>>> print(open('my_file10.cif').read())   # mmCIF, C-alpha atoms
data_model
#
loop_
_atom_site.label_atom_id
_atom_site.label_comp_id
_atom_site.auth_asym_id
_atom_site.auth_seq_id
_atom_site.Cartn_x
_atom_site.Cartn_y
_atom_site.Cartn_z
CA MET A 63 75.99 108.35 152.04
CA LYS A 64 74.55 105.59 149.98
CA SER A 65 77.13 103.31 148.43
CA MET A 66 78.09 104.11 144.89
CA ARG A 67 76.93 101.70 142.25
CA LEU A 68 78.41 101.19 138.76
CA LEU A 69 75.68 100.92 136.17
CA VAL A 70 76.33 99.46 132.74
CA VAL A 71 75.30 101.82 130.00
CA ALA A 72 74.31 100.23 126.69
CA ILE A 73 74.28 102.72 123.87
CA LEU A 74 73.26 101.42 120.47
CA CYS A 75 74.10 103.54 117.45
CA SER A 76 73.22 102.30 113.99
CA VAL A 77 73.19 103.66 110.48
CA GLY A 78 71.94 102.53 107.12
CA LEU A 79 69.57 99.70 106.36
CA SER A 80 66.43 99.13 108.41
CA ALA A 81 66.00 95.97 110.43
CA THR A 82 63.61 94.61 107.82
CA ALA A 83 65.91 95.25 104.87
CA GLN A 84 67.33 92.12 103.28
CA LEU A 85 70.77 91.74 101.75
CA ILE A 86 70.81 89.85 98.48
CA LEU A 87 74.29 88.36 98.38
CA PRO A 88 75.96 87.41 95.10
CA PRO A 89 76.64 83.68 94.99
CA PRO A 90 80.33 82.73 94.93
CA PRO A 91 81.66 81.16 91.74
CA PRO A 92 82.21 77.39 91.53
CA ILE A 93 85.92 76.62 91.73
CA ALA A 94 87.33 73.43 90.19
CA ALA A 95 90.05 72.53 92.70
CA SER A 96 90.69 70.12 95.56
CA GLY A 97 91.09 73.03 97.94
CA TYR A 98 91.20 76.80 97.71
CA VAL A 99 91.09 79.95 99.77
CA LEU A 100 90.67 83.67 99.09
CA MET A 101 92.05 85.82 101.91
CA ASP A 102 92.36 89.55 102.54
CA ALA A 103 96.05 90.11 103.22
CA GLU A 104 95.65 92.87 105.80
CA THR A 105 92.85 91.53 108.01
CA HIS A 106 93.39 87.81 107.23
CA SER A 107 89.63 87.55 106.68
CA ILE A 108 88.72 84.44 104.69
CA LEU A 109 86.38 85.52 101.91
CA LEU A 110 85.93 82.19 100.13
CA GLU A 111 87.20 78.71 100.91
CA LYS A 112 86.82 75.02 100.29
CA ASN A 113 88.86 72.40 102.14
CA SER A 114 91.15 75.27 103.13
CA ARG A 115 92.54 73.34 106.12
CA GLU A 116 93.00 70.05 104.29
CA LYS A 117 96.60 68.83 104.20
CA LEU A 118 97.45 68.51 100.52
CA PRO A 119 100.66 67.91 98.53
CA PRO A 120 101.85 71.44 97.67
CA ALA A 121 104.34 70.67 94.91
CA SER A 122 106.47 73.77 94.19
CA LEU A 123 104.36 76.02 96.41
CA THR A 124 106.86 74.61 98.90
CA LYS A 125 109.45 76.93 97.38
CA ILE A 126 107.67 79.95 98.91
CA MET A 127 108.88 78.62 102.26
CA THR A 128 112.31 77.82 100.81
CA SER A 129 112.73 81.43 99.73
CA TYR A 130 111.21 82.77 102.98
CA VAL A 131 113.82 80.91 105.05
CA ALA A 132 116.55 82.15 102.69
CA ALA A 133 115.28 85.75 103.03
CA ALA A 134 115.28 85.41 106.81
CA GLU A 135 118.87 84.17 106.77
CA ILE A 136 119.90 87.07 104.56
CA ALA A 137 118.20 89.54 106.92
CA ALA A 138 120.00 87.93 109.86
CA GLY A 139 123.37 88.27 108.13
CA ALA A 140 123.96 84.51 108.03
CA VAL A 141 124.19 84.45 104.22
CA SER A 142 124.46 87.08 101.51
CA MET A 143 123.00 87.56 98.05
CA ASP A 144 126.61 87.87 96.87
CA ASP A 145 127.70 84.48 98.26
CA GLU A 146 129.27 82.17 95.71
CA VAL A 147 127.71 78.75 96.26
CA LEU A 148 129.54 75.57 95.26
CA VAL A 149 126.97 73.33 93.56
CA SER A 150 127.02 69.77 94.90
CA GLU A 151 126.40 66.71 92.78
CA ASN A 152 123.38 66.05 94.97
CA ALA A 153 121.83 69.39 93.96
CA TRP A 154 122.74 68.86 90.31
CA ARG A 155 120.98 65.45 90.30
CA ALA A 156 117.67 66.84 91.61
CA ILE A 157 114.82 65.59 89.42
CA GLY A 158 111.98 67.63 87.99
CA SER A 159 112.06 71.29 86.96
CA ARG A 160 115.59 72.66 86.74
CA MET A 161 117.68 75.82 86.65
CA PHE A 162 120.39 73.80 84.84
CA ILE A 163 123.26 74.51 87.21
CA ASP A 164 126.45 72.51 86.69
CA PRO A 165 128.00 70.30 89.38
CA ASN A 166 131.08 71.70 91.13
CA SER A 167 130.42 75.13 89.63
CA LYS A 168 129.97 78.28 91.70
CA VAL A 169 126.68 80.16 91.43
CA SER A 170 125.76 83.38 93.19
CA PHE A 171 123.15 83.02 95.90
CA SER A 172 121.17 85.75 94.11
CA ASP A 173 121.02 83.68 90.91
CA LEU A 174 120.05 80.57 92.85
CA LEU A 175 117.11 82.39 94.43
CA ARG A 176 115.89 83.45 91.00
CA GLY A 177 116.31 79.87 89.90
CA VAL A 178 114.05 78.84 92.80
CA ILE A 179 111.43 81.59 92.45
CA ILE A 180 111.22 82.25 88.69
CA GLN A 181 112.38 78.98 87.14
CA SER A 182 111.10 76.76 89.98
CA GLY A 183 114.35 74.80 89.80
CA ASN A 184 114.60 71.83 92.12
CA ASP A 185 118.36 71.82 91.63
CA ALA A 186 118.51 75.46 92.75
CA SER A 187 116.30 74.71 95.78
CA VAL A 188 118.59 71.94 96.99
CA ALA A 189 121.65 74.16 96.44
CA VAL A 190 120.03 76.94 98.51
CA ALA A 191 119.13 74.47 101.26
CA GLU A 192 122.65 73.05 101.41
CA HIS A 193 124.24 76.49 101.49
CA VAL A 194 121.99 77.72 104.30
CA ALA A 195 121.85 74.62 106.48
CA GLY A 196 124.61 72.27 105.27
CA ALA A 197 122.15 69.61 104.12
CA GLU A 198 118.55 69.50 102.91
CA PRO A 199 117.13 67.55 105.93
CA GLN A 200 118.50 70.21 108.27
CA PHE A 201 117.01 72.91 106.05
CA ALA A 202 113.63 71.15 106.26
CA MET A 203 113.88 71.39 110.05
CA MET A 204 114.36 75.15 109.66
CA MET A 205 111.33 75.29 107.39
CA ASN A 206 109.17 73.56 110.00
CA ALA A 207 110.41 75.81 112.80
CA THR A 208 109.72 78.86 110.65
CA GLY A 209 106.25 77.60 109.81
CA LYS A 210 105.43 77.23 113.47
CA ALA A 211 106.73 80.72 114.22
CA ILE A 212 104.52 82.40 111.60
CA GLY A 213 101.38 80.45 112.49
CA LEU A 214 101.18 77.60 110.00
CA GLU A 215 99.04 74.84 111.51
CA ASP A 216 98.50 72.37 108.67
CA SER A 217 101.95 72.09 107.12
CA HIS A 218 104.98 69.85 107.38
CA PHE A 219 108.10 69.93 105.21
CA VAL A 220 110.64 67.21 104.47
CA ASN A 221 112.38 68.84 101.50
CA SER A 222 113.02 72.22 99.88
CA THR A 223 111.52 71.36 96.49
CA GLY A 224 108.01 70.04 97.04
CA LEU A 225 108.79 66.67 95.47
CA PRO A 226 106.21 64.12 96.70
CA ASP A 227 106.54 62.59 100.15
CA PRO A 228 103.72 61.32 102.42
CA ASP A 229 104.97 63.55 105.24
CA HIS A 230 105.24 66.68 103.10
CA TYR A 231 102.03 68.72 102.95
CA MET A 232 100.45 72.16 103.24
CA SER A 233 96.91 73.50 103.40
CA ALA A 234 95.62 76.27 101.13
CA ARG A 235 95.14 78.45 104.21
CA ASP A 236 98.76 77.95 105.26
CA VAL A 237 100.01 78.83 101.78
CA ALA A 238 98.04 82.09 101.99
CA ILE A 239 99.41 82.90 105.46
CA LEU A 240 102.96 82.12 104.33
CA SER A 241 102.58 84.27 101.22
CA ASP A 242 101.31 87.17 103.32
CA ALA A 243 104.23 86.78 105.74
CA LEU A 244 106.68 86.85 102.83
CA ILE A 245 105.13 90.00 101.37
CA ASN A 246 105.14 91.86 104.68
CA ASP A 247 108.38 90.59 106.24
CA TYR A 248 110.64 90.70 103.20
CA PRO A 249 109.13 93.08 100.60
CA ASP A 250 112.38 93.53 98.67
CA HIS A 251 112.82 89.77 98.40
CA TYR A 252 109.19 89.43 97.30
CA LYS A 253 109.84 91.70 94.32
CA ILE A 254 111.70 88.82 92.67
CA TYR A 255 108.35 87.01 92.33
CA ALA A 256 107.15 89.66 89.87
CA GLU A 257 110.08 89.16 87.47
CA ARG A 258 108.81 87.68 84.21
CA GLU A 259 111.84 85.62 83.18
CA PHE A 260 115.35 84.60 84.16
CA GLU A 261 118.25 83.39 82.07
CA TYR A 262 121.01 81.20 83.42
CA ASN A 263 123.57 79.08 81.58
CA ASN A 264 122.26 80.54 78.29
CA ILE A 265 118.82 79.08 79.03
CA LYS A 266 116.01 81.59 79.40
CA GLN A 267 112.92 80.42 81.26
CA PRO A 268 109.68 82.37 81.82
CA ASN A 269 107.96 82.77 85.16
CA ARG A 270 105.31 80.06 85.23
CA ASN A 271 102.79 82.41 86.88
CA ARG A 272 100.83 83.42 83.76
CA LEU A 273 98.75 85.94 85.69
CA LEU A 274 101.76 88.25 85.89
CA ALA A 275 101.16 88.94 82.20
CA LEU A 276 97.36 88.72 82.23
CA ASP A 277 96.52 90.85 85.27
CA PRO A 278 98.51 94.01 86.08
CA SER A 279 97.39 93.89 89.71
CA VAL A 280 99.16 90.54 90.26
CA ASP A 281 102.73 90.76 91.63
CA GLY A 282 103.37 87.12 92.71
CA VAL A 283 103.38 84.39 94.08
CA LYS A 284 104.10 80.81 92.79
CA THR A 285 102.95 77.85 90.70
CA GLY A 286 103.34 74.18 91.44
CA TYR A 287 102.73 70.82 89.78
CA THR A 288 103.32 67.16 90.46
CA GLU A 289 101.13 64.23 89.46
CA GLU A 290 100.18 63.77 93.12
CA ALA A 291 99.44 67.45 93.79
CA GLY A 292 97.82 68.41 90.51
CA TYR A 293 98.18 71.99 89.34
CA CYS A 294 98.56 74.58 92.11
CA LEU A 295 98.74 78.35 92.07
CA ALA A 296 99.18 80.96 94.80
CA VAL A 297 98.64 84.55 93.67
CA SER A 298 98.73 87.93 95.35
CA ALA A 299 97.07 90.94 93.74
CA LYS A 300 96.66 94.54 94.88
CA ARG A 301 94.02 96.93 93.60
CA ASP A 302 93.81 100.38 95.17
CA ASP A 303 94.46 99.81 98.89
CA MET A 304 93.24 96.22 99.02
CA ARG A 305 95.46 93.14 98.63
CA LEU A 306 93.97 89.69 98.16
CA ILE A 307 95.76 86.35 98.26
CA SER A 308 94.29 83.43 96.34
CA VAL A 309 95.44 79.82 96.61
CA VAL A 310 94.18 77.05 94.33
CA MET A 311 95.38 73.49 94.89
CA GLY A 312 94.69 70.32 92.93
CA ALA A 313 93.38 71.78 89.66
CA GLU A 314 93.35 69.54 86.61
CA SER A 315 95.49 71.70 84.33
CA ALA A 316 97.61 74.84 84.20
CA ALA A 317 94.82 76.61 82.30
CA VAL A 318 92.24 75.66 84.93
CA ARG A 319 94.34 76.87 87.86
CA THR A 320 94.72 80.22 86.10
CA THR A 321 91.03 80.50 85.22
CA GLU A 322 89.84 79.55 88.70
CA THR A 323 92.25 82.00 90.32
CA ARG A 324 90.92 84.81 88.13
CA LYS A 325 87.39 83.91 89.24
CA LEU A 326 88.37 84.17 92.89
CA LEU A 327 90.15 87.50 92.49
CA SER A 328 87.34 88.99 90.41
CA TYR A 329 84.71 87.97 92.96
CA GLY A 330 86.74 89.27 95.86
CA PHE A 331 87.63 92.67 94.44
CA ARG A 332 84.14 93.23 93.03
CA ASN A 333 82.20 92.39 96.20
CA TYR A 334 84.44 93.01 99.21
CA ARG A 335 86.09 96.02 100.80
CA THR A 336 88.53 96.49 103.65
CA GLN A 337 87.78 99.58 105.72
CA VAL A 338 88.60 101.22 109.03
CA LEU A 339 85.36 101.47 111.01
CA TYR A 340 86.79 103.14 114.12
CA SER A 341 90.28 104.48 114.76
CA HIS A 342 92.42 104.16 117.85
CA GLY A 343 91.85 107.22 120.04
CA GLU A 344 88.62 108.22 118.29
CA SER A 345 86.33 109.99 120.77
CA MET A 346 83.02 108.36 121.63
CA GLY A 347 81.76 111.11 123.94
CA ASN A 348 82.25 112.11 127.59
CA LEU A 349 81.73 110.35 130.90
CA ARG A 350 80.82 112.01 134.24
CA VAL A 351 83.64 112.15 136.79
CA TRP A 352 82.96 112.63 140.50
CA PHE A 353 85.41 114.09 143.05
CA GLY A 354 87.69 115.44 140.33
CA THR A 355 88.98 118.77 139.13
CA SER A 356 86.96 118.24 135.94
CA GLU A 357 83.38 117.01 135.77
CA ASN A 358 83.88 114.99 132.58
CA VAL A 359 86.49 112.97 130.75
CA ALA A 360 86.50 112.01 127.07
CA ILE A 361 86.29 108.33 126.27
CA GLY A 362 87.49 106.71 123.06
CA ILE A 363 88.47 103.62 121.13
CA GLY A 364 91.40 101.62 122.49
CA GLU A 365 92.13 99.72 119.26
CA THR A 366 91.53 100.44 115.58
CA VAL A 367 88.68 98.40 114.14
CA LYS A 368 89.46 97.40 110.56
CA THR A 369 87.49 94.73 108.80
CA THR A 370 86.86 93.12 105.44
CA MET A 371 83.24 92.54 104.46
CA LEU A 372 80.87 92.47 101.54
CA GLN A 373 80.65 96.12 100.52
CA ARG A 374 76.91 96.44 101.11
CA ARG A 375 77.26 95.25 104.72
CA PHE A 376 79.09 98.43 105.68
CA ASN A 377 75.69 100.16 105.47
CA ASP A 378 74.46 97.99 108.34
CA VAL A 379 77.23 98.60 110.88
CA SER A 380 76.35 99.51 114.46
CA HIS A 381 78.10 99.64 117.81
CA LYS A 382 77.27 99.17 121.47
CA LEU A 383 79.18 100.78 124.35
CA ASN A 384 79.39 98.89 127.62
CA MET A 385 80.86 101.13 130.35
CA PRO A 386 80.19 102.53 133.85
CA SER A 387 77.71 105.39 134.26
CA PHE A 388 80.41 107.48 135.96
CA LEU A 389 84.02 107.41 137.18
CA GLU A 390 85.67 108.57 140.40
CA ALA A 391 88.80 110.70 140.36
CA PRO A 392 91.66 110.31 140.02
CA VAL A 393 91.39 109.18 136.40
CA LYS A 394 94.49 108.27 134.41
CA SER A 395 94.62 108.78 130.66
CA GLY A 396 94.51 105.54 128.70
CA SER A 397 92.75 103.58 131.43
CA ARG A 398 90.45 100.84 130.19
CA ILE A 399 86.92 101.56 131.41
CA GLY A 400 84.73 99.32 129.23
CA GLU A 401 84.22 97.69 125.88
CA MET A 402 82.75 98.54 122.51
CA GLN A 403 81.05 95.81 120.49
CA VAL A 404 80.76 96.29 116.74
CA PHE A 405 78.01 94.60 114.73
CA ALA A 406 77.23 94.07 111.08
CA GLY A 407 73.52 93.48 111.23
CA ASN A 408 73.11 91.04 114.10
CA GLU A 409 76.61 89.59 113.74
CA LEU A 410 79.26 90.59 116.28
CA ILE A 411 82.38 91.35 114.24
CA ALA A 412 84.68 92.99 116.82
CA SER A 413 85.07 93.76 120.52
CA VAL A 414 87.58 96.45 121.49
CA PRO A 415 88.43 98.26 124.73
CA LEU A 416 87.11 101.71 125.63
CA ILE A 417 89.69 103.97 127.23
CA THR A 418 89.88 107.40 128.83
CA LEU A 419 91.36 110.04 126.55
CA GLY A 420 92.41 112.38 129.34
CA SER A 421 93.36 112.60 132.99
CA VAL A 422 91.38 114.07 135.90
CA GLN A 423 93.05 114.91 139.17
CA GLU A 424 91.30 114.39 142.50
CA LYS A 425 89.84 117.48 144.25
CA GLY A 426 91.00 118.65 147.63
CA PHE A 427 89.24 117.69 150.87
CA PHE A 428 86.48 120.33 150.80
CA GLY A 429 85.84 119.74 147.10
CA ARG A 430 85.38 116.03 147.72
CA VAL A 431 82.97 116.75 150.62
CA TRP A 432 80.88 119.04 148.43
CA ASP A 433 80.79 116.44 145.61
CA SER A 434 79.68 113.84 148.16
CA VAL A 435 76.69 116.03 149.04
CA LEU A 436 75.84 116.59 145.37
CA PHE A 437 76.20 112.92 144.60
CA MET A 438 73.92 111.98 147.48
CA PHE A 439 71.14 114.28 146.25
CA GLU A 440 71.56 113.07 142.67
CA ASP A 441 71.33 109.50 143.89
CA ILE A 442 68.14 110.29 145.85
CA GLU A 443 66.58 112.07 142.87
CA GLU A 444 67.28 109.09 140.62
CA ASN A 445 65.88 106.66 143.24
CA PRO A 446 62.85 108.48 144.87
CA ALA A 447 61.39 105.28 146.28
CA ASP A 448 64.36 104.96 148.59
CA SER A 449 63.33 108.21 150.39
CA ALA A 450 59.54 107.63 150.61
CA PRO A 451 58.17 107.80 154.21
CA GLY A 452 56.80 104.30 154.10
CA ASN A 453 60.29 102.96 153.41
CA ALA A 454 62.00 104.97 156.16
CA GLU A 455 63.79 103.02 158.86
CA SER A 456 62.50 103.47 162.43
#
>>> encode(input="my_file10.cif", output="structure tokens")
Amino acid sequence: MKSMRLLVVAILCSVGLSATAQLILPPPPPIAASGYVLMDAETHSILLEKNSREKLPPASLTKIMTSYVAAAEIAAGAVSMDDEVLVSENAWRAIGSRMFIDPNSKVSFSDLLRGVIIQSGNDASVAVAEHVAGAEPQFAMMMNATGKAIGLEDSHFVNSTGLPDPDHYMSARDVAILSDALINDYPDHYKIYAEREFEYNNIKQPNRNRLLALDPSVDGVKTGYTEEAGYCLAVSAKRDDMRLISVVMGAESAAVRTTETRKLLSYGFRNYRTQVLYSHGESMGNLRVWFGTSENVAIGIGETVKTTMLQRRFNDVSHKLNMPSFLEAPVKSGSRIGEMQVFAGNELIASVPLITLGSVQEKGFFGRVWDSVLFMFEDIEENPADSAPGNAES
């Protein structure tokens, strides 16, 4: 019997626009900032960016990491929202924005976190750091270890406040990734970011994130300002099933950072969509099986394909299946047997495994012999030149 050969089958299925159709893309808005990024929270697709990997002074955007580390410690049981924290003189003396805590007083950890998140208090940030780690430098080490664990690549922390230091920096991309991690890992903690005001020591301060009042889809994240950093704003907004995270760094005023953020969100929600193209386990047809108790086995998608694109590009999605022309029994369900490539126009946007969606047991001896005969004749029929008299061996 001729040796069996695996043939790659390329099946191209496309829908929508013709090859000659042209997409007229809306131009992105100009953004007045040193660096910015607009990211889909679920797929981490970058929709718009400028200098998104540049290491910039983050000012109080730092406090997103301060609260993330605190939330992680609460989840681990190391500290509690009900802890009464003794305020050190060092925390009380912190310069810049303040919660107005008194030295040697006791403040609940819950109030301190609201002082960090809502009032952007540097005194509260230092008090949180000292309570969690004993001292702020040790807390900064925890911040850096946490950043590495969640995938920050352009950040380094030396304090809990964001006060200027040459070795203290973040990129807009890292701020977006950190914000997304906070939202997903500690959703209850993140709810504090949506609170509009907080009063402590008879001093009521509003949340500096003006978009909480201007845009009902916005539920966080944080503002920041120092002379070195300029005006910074990280915002998360959810409309329908789509969440976008915008980060603007180095704007010239509080009004500009708000305006430019609204531009980014408006452009993103108006022009982009996040959608499942193919679901895990979705059938893509059947494949011939030789020497088995069944002649065919269903094949399907091994991983869900979910992507964020300009809405009109979803009309130009196609896929290509690369797989053997047949399988030999036994076949185990869930076995990887090829790959599906997904395209938007000519751009490859995803490659995912193809798997078997069922099992096929091997036939008995006589069944395998009979399939061998059938396979041989099928092979000859598909390759008639191999059996022509002039090609016969003597």
>>> closest_residue(input="my_file10.cif", among="A:Leu175, A:Leu214, A:Ala412, A:Ile361", to="Ile399 (chain A)", atoms="all atoms listed in the file")
A:Ile361
>>> closest_atom_pairs(input="my_file10.cif", of="region 254-302 of chain A", to="region 242-249 of chain A", cutoff="10 Å", atoms="only C-alpha atoms", output="tab-separated table")
residue	atom	partner	partner_atom	distance
A:Ile254	CA	A:Pro249	CA	9.4
A:Gly282	CA	A:Ile245	CA	9.3
A:Val283	CA	A:Ile245	CA	9.4
A:Ser298	CA	A:Asp242	CA	8.4
>>> resolve_selection(input="my_file10.cif", expression="the PyMOL selection byres ((chain A and resi 187-203) around 9)", output="PyMOL selection string")
chain A and resi 125+128-129+131-132+135+140-141+147-150+152-154+156+171+174-175+177-178+182-186+204-208+218-223
>>> closest_residue(input="my_file10.cif", among="A:Glu365, A:Glu257, A:Glu151, A:Glu390", to="Ile163 (chain A)", atoms="all atoms listed in the file")
A:Glu151
>>> atom_distance(input="my_file10.cif", atom1="CA of Arg305 (chain A)", atom2="CA of Asp236 (chain A)")
16.9 Å
>>> residues_around(input="my_file10.cif", residues="Asn408 (chain A)", least_positions_apart="2", cutoff="10 Å", atoms="only C-alpha atoms", output="PyMOL selection string")
chain A and resi 81+378-380+404-406+410-411
>>> residues_near_point(input="my_file10.cif", point="(95.3, 67.2, 105.1)", cutoff="9 Å", atoms="only C-alpha atoms", output="PyMOL selection string")
chain A and resi 113+115-119+216-217+231-233
>>> write_last_selection(input="my_file10.cif", atoms="C-alpha atoms", output="CSV table (one decimal), in the frame of the given file")
chain,number,residue,atom,x,y,z
A,113,ASN,CA,88.9,72.4,102.1
A,115,ARG,CA,92.5,73.3,106.1
A,116,GLU,CA,93.0,70.0,104.3
A,117,LYS,CA,96.6,68.8,104.2
A,118,LEU,CA,97.4,68.5,100.5
A,119,PRO,CA,100.7,67.9,98.5
A,216,ASP,CA,98.5,72.4,108.7
A,217,SER,CA,102.0,72.1,107.1
A,231,TYR,CA,102.0,68.7,103.0
A,232,MET,CA,100.4,72.2,103.2
A,233,SER,CA,96.9,73.5,103.4
>>> resolve_selection(input="my_file10.cif", expression="the PyMOL selection byres ((chain A and resi 109) around 12)", output="PyMOL selection string")
chain A and resi 90+98-103+105-108+110-112+114+235+306-309+326-327+329-336+369-372
>>> atom_distance(input="my_file10.cif", atom1="CA of Asp250 (chain A)", atom2="CA of Ser142 (chain A)")
14.0 Å
>>> residues_around(input="my_file10.cif", residues="Asn269 (chain A)", least_positions_apart="5", cutoff="9 Å", atoms="all atoms listed in the file", output="NGL selection string")
:A and (179-182 or 255-260 or 274 or 284-285)
>>> closest_residue(input="my_file10.cif", among="A:Gly407, A:Ser413, A:Gln373, A:Leu419", to="Pro88 (chain A)", atoms="only C-alpha atoms")
A:Gln373
>>> resolve_selection(input="my_file10.cif", expression="the PyMOL selection byres ((chain A and resi 355) around 7)", output="MDAnalysis selection string")
chainID A and resid 354 356:357 422:425
>>> atom_distance(input="my_file10.cif", atom1="CA of Ser279 (chain A)", atom2="CA of Ala234 (chain A)")
21.1 Å
>>> build_atoms(input="my_file10.cif", residues="region 149-160 of chain A", atoms="N, CA, C and O atoms", output="short mmCIF file (atom, residue, chain, number, x, y, z; two decimals), in the frame of the given file")
data_model
loop_
_atom_site.label_atom_id
_atom_site.label_comp_id
_atom_site.auth_asym_id
_atom_site.auth_seq_id
_atom_site.Cartn_x
_atom_site.Cartn_y
_atom_site.Cartn_z
N VAL A 149 128.08 74.23 93.86
CA VAL A 149 126.97 73.33 93.56
C VAL A 149 127.41 71.88 93.77
O VAL A 149 128.39 71.43 93.18
N SER A 150 126.69 71.17 94.63
CA SER A 150 127.02 69.77 94.90
C SER A 150 126.43 68.87 93.81
O SER A 150 125.50 69.26 93.09
N GLU A 151 126.96 67.68 93.72
CA GLU A 151 126.40 66.71 92.78
C GLU A 151 124.97 66.35 93.17
O GLU A 151 124.12 66.08 92.32
N ASN A 152 124.73 66.35 94.48
CA ASN A 152 123.38 66.05 94.97
C ASN A 152 122.36 67.07 94.44
O ASN A 152 121.26 66.70 94.00
N ALA A 153 122.72 68.36 94.49
CA ALA A 153 121.83 69.39 93.96
C ALA A 153 121.67 69.24 92.45
O ALA A 153 120.56 69.36 91.91
N TRP A 154 122.76 68.99 91.77
CA TRP A 154 122.74 68.86 90.31
C TRP A 154 121.82 67.71 89.87
O TRP A 154 121.15 67.79 88.84
N ARG A 155 121.76 66.63 90.66
CA ARG A 155 120.98 65.45 90.30
C ARG A 155 119.50 65.58 90.64
O ARG A 155 118.72 64.66 90.37
N ALA A 156 119.08 66.69 91.24
CA ALA A 156 117.67 66.84 91.61
C ALA A 156 116.77 66.68 90.39
O ALA A 156 117.03 67.25 89.33
N ILE A 157 115.72 65.88 90.55
CA ILE A 157 114.82 65.59 89.42
C ILE A 157 113.75 66.67 89.31
O ILE A 157 113.54 67.47 90.23
N GLY A 158 113.06 66.67 88.18
CA GLY A 158 111.98 67.63 87.99
C GLY A 158 112.46 68.92 87.33
O GLY A 158 113.47 68.94 86.62
N SER A 159 111.72 70.00 87.57
CA SER A 159 112.06 71.29 86.96
C SER A 159 113.45 71.72 87.40
O SER A 159 113.86 71.49 88.54
N ARG A 160 114.18 72.39 86.48
CA ARG A 160 115.59 72.66 86.74
C ARG A 160 115.97 74.08 86.34
O ARG A 160 115.40 74.69 85.44
#
